[in-house]
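**Student:** I'm passing along protein.tsv; it holds TSV, C-alpha atoms.
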```tsv
chain	number	residue	atom	x	y	z
H	11	MET	CA	-136.06	-62.15	76.89
H	12	ASN	CA	-133.17	-60.69	74.95
H	13	GLN	CA	-129.90	-61.17	76.89
H	14	HIS	CA	-129.08	-57.46	76.99
H	15	LEU	CA	-132.54	-56.58	78.20
H	16	GLN	CA	-132.31	-59.38	80.76
H	17	ASN	CA	-129.12	-57.83	82.17
H	18	ILE	CA	-130.81	-54.47	82.45
H	19	PHE	CA	-133.77	-56.16	84.10
H	20	ASN	CA	-131.50	-57.83	86.69
H	21	VAL	CA	-129.74	-54.55	87.51
H	22	ILE	CA	-133.02	-52.74	88.03
H	23	GLN	CA	-134.30	-55.50	90.31
H	24	GLN	CA	-131.23	-55.18	92.55
H	25	ASP	CA	-131.17	-51.37	92.59
H	26	GLU	CA	-132.83	-50.32	95.89
H	27	SER	CA	-132.78	-46.63	94.96
H	28	ILE	CA	-135.54	-47.20	92.40
H	29	THR	CA	-139.07	-47.30	93.75
H	30	ALA	CA	-141.35	-50.25	93.06
H	31	GLU	CA	-143.54	-48.07	90.82
H	32	GLN	CA	-140.54	-46.99	88.75
H	33	LYS	CA	-139.31	-50.58	88.54
H	34	ASN	CA	-142.71	-51.71	87.25
H	35	ALA	CA	-142.71	-48.99	84.58
H	36	ILE	CA	-139.17	-49.80	83.46
H	37	ILE	CA	-139.84	-53.54	83.45
H	38	LYS	CA	-142.96	-52.96	81.31
H	39	SER	CA	-140.91	-50.91	78.86
H	40	LEU	CA	-138.27	-53.67	78.76
H	41	LYS	CA	-140.89	-56.31	78.04
H	42	ASP	CA	-142.44	-54.15	75.28
H	43	ALA	CA	-138.98	-53.61	73.76
H	44	ASP	CA	-138.34	-57.34	73.97
H	45	LYS	CA	-141.56	-58.07	72.07
H	46	GLU	CA	-140.66	-55.55	69.39
H	47	LEU	CA	-137.22	-57.09	69.08
H	48	GLU	CA	-138.76	-60.52	68.67
H	49	ILE	CA	-141.12	-59.19	65.95
H	50	THR	CA	-138.23	-57.44	64.22
H	51	ALA	CA	-136.11	-60.58	64.37
H	52	PHE	CA	-138.99	-62.58	62.90
H	53	LYS	CA	-139.43	-60.06	60.10
H	54	LEU	CA	-135.70	-60.04	59.38
H	55	ASP	CA	-135.67	-63.82	59.25
H	56	ARG	CA	-138.64	-63.86	56.90
H	57	THR	CA	-137.12	-61.14	54.75
H	58	GLU	CA	-133.94	-63.18	54.44
H	59	LYS	CA	-135.91	-66.22	53.36
H	60	VAL	CA	-137.86	-64.13	50.82
H	61	LYS	CA	-134.57	-62.68	49.62
H	62	LYS	CA	-133.11	-66.15	49.07
H	63	THR	CA	-136.28	-67.32	47.32
H	64	THR	CA	-136.28	-64.20	45.12
H	65	ALA	CA	-132.63	-64.73	44.24
H	66	ILE	CA	-133.39	-68.31	43.17
H	67	LEU	CA	-136.41	-67.19	41.13
H	68	LEU	CA	-134.42	-64.36	39.58
H	69	GLU	CA	-131.66	-66.72	38.56
H	70	GLU	CA	-134.21	-69.08	37.01
H	71	THR	CA	-135.86	-66.13	35.22
H	72	ILE	CA	-132.51	-64.97	33.86
H	73	ASP	CA	-131.80	-68.48	32.55
H	74	GLU	CA	-135.26	-68.62	30.98
H	75	LEU	CA	-134.83	-65.19	29.38
H	76	GLU	CA	-131.45	-66.22	28.00
H	77	GLN	CA	-133.01	-69.30	26.46
H	78	LYS	CA	-135.77	-67.18	24.95
H	79	ARG	CA	-133.21	-64.67	23.66
H	80	LYS	CA	-131.34	-67.48	21.90
H	81	ALA	CA	-134.61	-68.83	20.53
H	82	ILE	CA	-135.53	-65.36	19.20
H	83	GLU	CA	-132.11	-65.00	17.60
H	84	GLU	CA	-132.51	-68.39	15.91
H	85	THR	CA	-136.03	-67.44	14.79
H	86	ASN	CA	-134.79	-64.10	13.44
H	87	ALA	CA	-132.00	-65.87	11.55
H	88	ALA	CA	-134.52	-68.31	10.08
H	89	LEU	CA	-136.88	-65.46	9.14
H	90	GLN	CA	-134.01	-63.53	7.52
H	91	LYS	CA	-133.13	-66.60	5.48
H	92	LEU	CA	-136.75	-67.00	4.45
H	93	LEU	CA	-136.87	-63.30	3.50
H	94	ASP	CA	-133.69	-63.64	1.44
H	95	ASP	CA	-135.11	-66.74	-0.25
H	96	LEU	CA	-138.36	-64.89	-0.89
H	97	HIS	CA	-136.50	-61.95	-2.48
H	98	ALA	CA	-134.50	-64.37	-4.63
H	99	THR	CA	-137.67	-66.21	-5.66
H	100	GLN	CA	-139.42	-62.92	-6.38
H	101	ALA	CA	-136.52	-61.82	-8.59
H	102	GLN	CA	-136.64	-65.15	-10.43
H	103	LEU	CA	-140.40	-64.88	-10.93
H	104	ILE	CA	-140.09	-61.33	-12.21
H	105	GLN	CA	-137.40	-62.47	-14.63
H	106	SER	CA	-139.62	-65.39	-15.66
H	107	GLU	CA	-142.46	-62.99	-16.35
H	108	LYS	CA	-140.14	-60.82	-18.44
H	109	MET	CA	-138.95	-63.83	-20.39
H	110	ALA	CA	-142.54	-65.00	-20.85
H	111	SER	CA	-143.51	-61.65	-22.33
H	112	LEU	CA	-140.35	-61.72	-24.45
H	113	GLY	CA	-141.39	-65.14	-25.72
H	114	GLU	CA	-144.77	-63.71	-26.71
H	115	LEU	CA	-142.94	-61.00	-28.65
H	116	THR	CA	-140.50	-63.25	-30.48
H	117	ALA	CA	-142.86	-64.38	-33.22
H	118	GLY	CA	-144.21	-60.87	-33.65
H	119	ILE	CA	-140.70	-59.47	-33.89
H	120	ALA	CA	-139.77	-62.07	-36.49
H	121	HIS	CA	-142.82	-61.06	-38.53
H	122	GLU	CA	-142.08	-57.36	-38.17
H	123	ILE	CA	-138.42	-57.81	-39.15
H	124	GLN	CA	-139.36	-59.96	-42.12
H	125	ASN	CA	-141.40	-57.15	-43.70
H	126	PRO	CA	-138.56	-54.59	-43.96
H	127	LEU	CA	-136.14	-57.37	-44.89
H	128	ASN	CA	-138.42	-58.34	-47.78
H	129	PHE	CA	-138.33	-54.73	-48.95
H	130	VAL	CA	-134.56	-54.64	-48.61
H	131	ASN	CA	-134.17	-57.87	-50.60
H	132	ASN	CA	-136.63	-56.82	-53.30
H	133	PHE	CA	-135.15	-53.36	-53.78
H	134	SER	CA	-131.65	-54.88	-53.76
H	135	ASP	CA	-132.63	-57.25	-56.57
H	136	VAL	CA	-134.24	-54.45	-58.57
H	137	SER	CA	-131.24	-52.19	-57.95
H	138	THR	CA	-128.87	-54.87	-59.26
H	139	GLU	CA	-130.91	-55.03	-62.47
H	140	LEU	CA	-130.92	-51.23	-62.69
H	141	VAL	CA	-127.12	-51.16	-62.41
H	142	ASP	CA	-126.89	-53.57	-65.36
H	143	GLU	CA	-129.35	-51.45	-67.37
H	144	MET	CA	-127.45	-48.27	-66.50
H	145	ASN	CA	-124.16	-49.79	-67.66
H	146	GLU	CA	-125.78	-50.83	-70.94
H	147	GLU	CA	-127.11	-47.32	-71.53
H	148	ILE	CA	-123.70	-45.82	-70.69
H	149	ASP	CA	-122.06	-48.19	-73.19
H	150	LYS	CA	-124.58	-47.06	-75.79
H	151	GLY	CA	-123.87	-43.43	-74.97
H	152	ASN	CA	-127.42	-42.79	-73.74
H	153	LEU	CA	-126.36	-40.63	-70.80
H	154	GLU	CA	-129.84	-39.16	-70.19
H	155	ASP	CA	-131.35	-42.62	-69.85
H	156	ALA	CA	-128.44	-43.63	-67.64
H	157	LYS	CA	-129.05	-40.61	-65.41
H	158	GLN	CA	-132.74	-41.50	-65.12
H	159	ILE	CA	-131.82	-45.06	-64.13
H	160	ALA	CA	-129.31	-43.66	-61.62
H	161	GLN	CA	-132.11	-41.53	-60.13
H	162	ASP	CA	-134.30	-44.64	-59.80
H	163	LEU	CA	-131.35	-46.45	-58.25
H	164	LYS	CA	-130.89	-43.66	-55.73
H	165	GLN	CA	-134.55	-43.86	-54.73
H	166	ASN	CA	-134.22	-47.61	-54.28
H	167	LEU	CA	-131.15	-47.16	-52.09
H	168	GLU	CA	-133.07	-44.63	-49.97
H	169	LYS	CA	-135.85	-47.19	-49.52
H	170	ILE	CA	-133.32	-49.89	-48.63
H	171	ASN	CA	-131.81	-47.53	-46.06
H	172	HIS	CA	-135.26	-46.69	-44.65
H	173	HIS	CA	-136.34	-50.31	-44.24
H	174	GLY	CA	-132.92	-51.30	-42.92
H	175	LYS	CA	-133.28	-48.69	-40.18
H	176	ARG	CA	-136.80	-49.96	-39.58
H	177	ALA	CA	-135.47	-53.46	-38.96
H	178	GLY	CA	-132.76	-52.01	-36.73
H	179	ASP	CA	-135.36	-50.14	-34.67
H	180	ILE	CA	-137.34	-53.35	-34.19
H	181	VAL	CA	-134.23	-55.17	-32.96
H	182	LYS	CA	-133.42	-52.22	-30.69
H	183	GLY	CA	-136.92	-52.41	-29.23
H	184	MET	CA	-136.54	-56.15	-28.64
H	185	LEU	CA	-133.22	-55.64	-26.85
H	186	GLN	CA	-134.72	-52.83	-24.80
H	187	HIS	CA	-137.54	-55.12	-23.72
H	188	SER	CA	-135.28	-58.06	-22.85
H	189	ARG	CA	-132.59	-56.20	-20.94
H	190	SER	CA	-132.85	-55.24	-17.29
H	191	SER	CA	-134.39	-51.87	-16.63
H	192	SER	CA	-131.92	-49.06	-16.06
H	193	GLY	CA	-134.44	-47.41	-13.78
H	194	VAL	CA	-133.71	-44.11	-15.52
H	195	LYS	CA	-136.46	-42.18	-17.26
H	196	GLU	CA	-135.77	-41.28	-20.87
H	197	PRO	CA	-137.56	-39.04	-23.40
H	198	THR	CA	-139.98	-41.46	-25.07
H	199	ASP	CA	-142.56	-41.27	-27.83
H	200	ILE	CA	-145.38	-43.02	-26.00
H	201	ASN	CA	-147.53	-43.20	-29.14
H	202	ALA	CA	-144.80	-44.98	-31.10
H	203	LEU	CA	-144.19	-47.30	-28.14
H	204	ALA	CA	-147.88	-48.23	-27.91
H	205	ASP	CA	-148.20	-48.72	-31.68
H	206	GLU	CA	-145.04	-50.86	-31.79
H	207	TYR	CA	-146.19	-53.22	-29.02
H	208	LEU	CA	-149.72	-53.43	-30.41
H	209	ARG	CA	-148.46	-54.83	-33.71
H	210	LEU	CA	-145.83	-57.06	-32.11
H	211	ALA	CA	-148.37	-58.55	-29.69
H	212	TYR	CA	-150.86	-59.18	-32.51
H	213	HIS	CA	-148.36	-60.89	-34.81
H	214	GLY	CA	-146.94	-62.86	-31.88
H	215	LEU	CA	-150.38	-64.29	-31.07
H	216	ARG	CA	-151.04	-64.97	-34.77
H	217	ALA	CA	-147.78	-66.90	-35.00
H	218	LYS	CA	-148.75	-69.09	-32.02
H	219	ASP	CA	-152.35	-69.59	-33.18
H	220	LYS	CA	-153.09	-69.21	-36.89
H	221	SER	CA	-156.83	-69.17	-36.14
H	222	PHE	CA	-156.45	-66.07	-33.97
H	223	ASN	CA	-157.75	-62.89	-35.53
H	224	ALA	CA	-158.79	-59.54	-34.13
H	225	THR	CA	-159.43	-56.00	-35.23
H	226	MET	CA	-156.99	-53.35	-33.97
H	227	LYS	CA	-158.10	-49.76	-33.62
H	228	THR	CA	-155.89	-46.88	-32.52
H	229	ASP	CA	-156.42	-43.23	-31.70
H	230	PHE	CA	-153.20	-41.50	-30.66
H	231	ASP	CA	-153.14	-37.93	-29.39
H	232	GLU	CA	-150.25	-36.31	-31.26
H	233	SER	CA	-150.19	-33.38	-28.82
H	234	ILE	CA	-148.58	-35.66	-26.21
H	235	GLY	CA	-145.17	-35.45	-27.87
H	236	ILE	CA	-142.23	-36.82	-25.92
H	237	ILE	CA	-142.59	-37.73	-22.23
H	238	ASN	CA	-140.10	-39.01	-19.66
H	239	VAL	CA	-140.65	-42.65	-18.72
H	240	ILE	CA	-138.56	-45.78	-18.29
H	241	PRO	CA	-139.17	-47.21	-21.79
H	242	GLN	CA	-138.39	-50.87	-20.94
H	243	ASP	CA	-140.78	-50.84	-17.99
H	244	MET	CA	-143.58	-48.87	-19.66
H	245	GLY	CA	-143.23	-51.11	-22.73
H	246	ARG	CA	-143.82	-54.16	-20.51
H	247	VAL	CA	-146.94	-52.55	-19.07
H	248	ILE	CA	-148.37	-51.75	-22.52
H	249	LEU	CA	-147.46	-55.20	-23.86
H	250	ASN	CA	-149.10	-56.94	-20.91
H	251	LEU	CA	-152.32	-54.90	-21.17
H	252	ILE	CA	-152.54	-55.43	-24.95
H	253	THR	CA	-151.82	-59.17	-24.72
H	254	ASN	CA	-154.48	-59.53	-22.02
H	255	ALA	CA	-156.91	-57.51	-24.15
H	256	PHE	CA	-156.39	-59.77	-27.18
H	257	TYR	CA	-156.85	-62.82	-24.96
H	258	ALA	CA	-160.08	-61.42	-23.46
H	259	ALA	CA	-161.45	-60.28	-26.82
H	260	SER	CA	-160.93	-63.77	-28.27
H	261	LEU	CA	-162.98	-65.40	-25.50
H	262	PRO	CA	-166.56	-66.33	-26.41
H	263	PRO	CA	-169.20	-63.93	-25.07
H	264	PRO	CA	-170.98	-65.08	-21.91
H	265	ALA	CA	-174.15	-67.09	-22.32
H	266	GLY	CA	-177.07	-64.70	-22.63
H	267	GLY	CA	-174.68	-61.77	-22.64
H	268	PHE	CA	-176.16	-60.28	-25.79
H	269	LYS	CA	-179.83	-59.83	-26.50
H	270	ASP	CA	-179.47	-59.86	-30.32
H	271	PRO	CA	-179.53	-63.55	-31.40
H	272	ASP	CA	-177.93	-62.60	-34.74
H	273	TYR	CA	-174.95	-60.92	-33.06
H	274	VAL	CA	-171.59	-62.20	-34.28
H	275	HIS	CA	-168.71	-61.49	-31.93
H	276	SER	CA	-165.77	-59.79	-33.65
H	277	PRO	CA	-162.73	-59.57	-31.32
H	278	THR	CA	-161.58	-55.95	-31.20
H	279	VAL	CA	-158.91	-54.12	-29.23
H	280	TRP	CA	-158.71	-50.34	-28.98
H	281	VAL	CA	-155.46	-48.61	-27.99
H	282	THR	CA	-155.72	-44.87	-27.44
H	283	THR	CA	-153.68	-42.10	-25.87
H	284	LYS	CA	-154.83	-38.73	-24.66
H	285	LYS	CA	-153.38	-35.72	-22.91
H	286	GLU	CA	-155.42	-34.06	-20.18
H	287	GLY	CA	-153.55	-31.15	-18.61
H	288	ASN	CA	-150.33	-32.54	-17.16
H	289	THR	CA	-151.59	-36.12	-17.28
H	290	VAL	CA	-151.14	-38.63	-20.10
H	291	LEU	CA	-153.72	-41.41	-20.45
H	292	ILE	CA	-152.96	-44.70	-22.18
H	293	SER	CA	-156.09	-46.78	-22.67
H	294	VAL	CA	-156.32	-50.44	-23.74
H	295	ARG	CA	-159.90	-51.63	-24.26
H	296	ASP	CA	-161.38	-54.92	-25.46
H	297	ASN	CA	-164.84	-56.18	-26.25
H	298	GLY	CA	-164.41	-59.42	-24.33
H	299	PRO	CA	-166.76	-60.83	-21.69
H	300	GLY	CA	-165.60	-58.37	-19.03
H	301	ILE	CA	-164.41	-59.06	-15.49
H	302	SER	CA	-166.73	-60.44	-12.85
H	303	GLN	CA	-167.27	-58.17	-9.85
H	304	LYS	CA	-166.46	-61.18	-7.66
H	305	ILE	CA	-162.81	-61.16	-8.73
H	306	LEU	CA	-162.34	-57.50	-9.65
H	307	ASP	CA	-160.57	-56.69	-6.38
H	308	LYS	CA	-158.12	-59.57	-6.91
H	309	ILE	CA	-156.81	-58.88	-10.41
H	310	PHE	CA	-153.79	-56.87	-9.24
H	311	GLN	CA	-152.79	-59.45	-6.63
H	312	PRO	CA	-149.60	-61.41	-7.39
H	313	PHE	CA	-150.18	-64.89	-8.85
H	314	PHE	CA	-153.89	-64.33	-9.44
H	315	THR	CA	-154.93	-65.37	-12.95
H	316	THR	CA	-158.08	-66.50	-14.71
H	317	LYS	CA	-156.13	-68.15	-17.52
H	318	PRO	CA	-155.87	-71.96	-17.69
H	319	THR	CA	-152.96	-73.59	-15.88
H	320	GLY	CA	-149.69	-73.06	-17.71
H	321	GLN	CA	-150.93	-70.08	-19.73
H	322	GLY	CA	-150.29	-67.31	-17.23
H	323	THR	CA	-147.99	-66.53	-14.32
H	324	GLY	CA	-150.45	-64.25	-12.57
H	325	LEU	CA	-147.71	-61.61	-12.26
H	326	GLY	CA	-148.41	-59.47	-15.33
H	327	LEU	CA	-150.98	-57.08	-13.86
H	328	SER	CA	-149.25	-57.04	-10.49
H	329	LEU	CA	-145.93	-55.97	-12.05
H	330	SER	CA	-147.72	-53.50	-14.32
H	331	TYR	CA	-149.41	-51.94	-11.30
H	332	ASP	CA	-146.08	-51.61	-9.48
H	333	ILE	CA	-144.35	-50.11	-12.56
H	334	VAL	CA	-147.05	-47.50	-13.08
H	335	LYS	CA	-147.03	-46.66	-9.36
H	336	ALA	CA	-143.22	-46.29	-9.48
H	337	HIS	CA	-143.75	-43.72	-12.26
H	338	GLY	CA	-145.97	-41.76	-9.89
H	339	GLY	CA	-149.01	-42.81	-11.90
H	340	GLU	CA	-152.15	-44.90	-11.51
H	341	LEU	CA	-153.53	-48.02	-13.20
H	342	LYS	CA	-157.32	-48.14	-13.30
H	343	VAL	CA	-159.78	-50.67	-14.65
H	344	VAL	CA	-163.30	-50.11	-15.96
H	345	THR	CA	-165.29	-53.20	-16.82
H	346	LYS	CA	-168.81	-54.40	-17.42
H	347	GLU	CA	-169.74	-58.05	-17.73
H	348	GLY	CA	-170.79	-58.88	-21.27
H	349	GLU	CA	-169.40	-55.65	-22.73
H	350	GLY	CA	-165.63	-55.65	-22.21
H	351	THR	CA	-162.86	-54.15	-20.14
H	352	GLU	CA	-160.72	-51.03	-20.29
H	353	PHE	CA	-157.40	-50.56	-18.52
H	354	ILE	CA	-156.24	-46.96	-18.18
H	355	VAL	CA	-152.69	-45.91	-17.35
H	356	LEU	CA	-152.40	-42.37	-15.98
H	357	ILE	CA	-148.93	-40.84	-15.78
```
Just give me the structure as structure tokens.

**Tutor:**
Amino acid sequence: MNQHLQNIFNVIQQDESITAEQKNAIIKSLKDADKELEITAFKLDRTEKVKKTTAILLEETIDELEQKRKAIEETNAALQKLLDDLHATQAQLIQSEKMASLGELTAGIAHEIQNPLNFVNNFSDVSTELVDEMNEEIDKGNLEDAKQIAQDLKQNLEKINHHGKRAGDIVKGMLQHSRSSSGVKEPTDINALADEYLRLAYHGLRAKDKSFNATMKTDFDESIGIINVIPQDMGRVILNLITNAFYAASLPPPAGGFKDPDYVHSPTVWVTTKKEGNTVLISVRDNGPGISQKILDKIFQPFFTTKPTGQGTGLGLSLSYDIVKAHGGELKVVTKEGEGTEFIVLI
């Protein structure tokens, strides 16, 4: 029995003023209290043990959490590095795609520049001869003939100026295509842009492959006028779609794709523009073999290409899709196997 209760018990036993019945009742209460004290002491002892065990477990848990926190920090740092590397790689790939498209343009640009330069050279030669003739007529006193020659000379100089500006515009377009996008929309003649890239893409492909030939057909809606786009970016979209169209049109038709046995495939690319309300449509269509339904949902995915290895980055359509989307527009595709494909830009 608890020492304090034992003392009380001894006092009660010696107290003769308390009746035996009262003593029994008090002793019973003391024994009950003693049992409760024992139970309480047991519980306290157990609680203390649990407390110590919990403290040990808590300390171990804290150590484990700290280790996990450090591991997460290291993982986050590694992921951030991977993300930075991915962004750097993406930027390099985008630049590679731009340079690839620029390479496709180079031969076409050279061809386009050569035409106005030929005019400039020819008219310069003729003008030199006219100056000599004019001087002879002046020496002879034939002022009327000299004036007529001077008028011809003036017309030649106007033509030289016109074709010189034409060559300058081609160079300007090349520089616009090669430089980084300003990201700023500018008033742009979308018809002129489409026509320019159509011819440059065609001559570029002809320069790389002399056997390449295709028919180009255009239908430009003159009511479109000037619209606000980022010319470098929209030029890349148009160039990519036209280059792809020429490539597709030059592919042989699928086996059994045409019922007429006498049919002779003539590669053709159509480039059209149209204004519908507040929307401008730019369409590039080819009469190639079309796109299989099996891969149709993959064509805008980065790095997906059906071209042979080394002939395509698989980024052209993906970048074009992103550029059109950034303009608040939409890039759609309509295709039918054996009949061709049409890409439509809506802005």

**Student:** Figure out the distance between CA of Met226 (chain H) and CA of Arg209 (chain H), please, to one decimal in Å.

**Tutor:**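 Value for the CA of Arg209 (chain H)-CA of Met226 (chain H) distance: 8.7 Å.
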
**Student:** CA of Thr282 (chain H) to CA of Val294 (chain H): how many Å, to one decimal?

**Tutor:**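 That distance, rounded to one decimal, is 6.7 Å.
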
**Student:** Go through H:Asp243, H:Ile237, H:Phe222, H:His275 and flag the residue nearest Tyr257 (chain H), using all atoms listed in the file for the distances.

**Tutor:** H:Phe222

**Student:** Would you work out the distance separating CA of Glu206 (chain H) from CA of Ser260 (chain H), expressed in Å to one decimal?

**Tutor:**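 Atom-to-atom, CA of Glu206 (chain H) to CA of Ser260 (chain H), that is 20.8 Å.
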
**Student:** Could you check the closest approach to Ile170 (chain H) for each of H:Pro126, H:Gly348, H:Gly287, H:Pro312 and tell me which residue wins, using all atoms listed in the file?

**Tutor:**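 The shortest atom-to-atom distance to Ile170 (chain H) comes from H:Pro126.
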
**Student:** With a distance cut-off of 10 Å and all atoms listed in the file, select the neighbouring residues of Gln311 (chain H), excluding the residue or stretch itself and same-chain residues fewer than 6 positions from it, and output the selection as a ChimeraX atom specification.

**Tutor:** /H:324-329,331
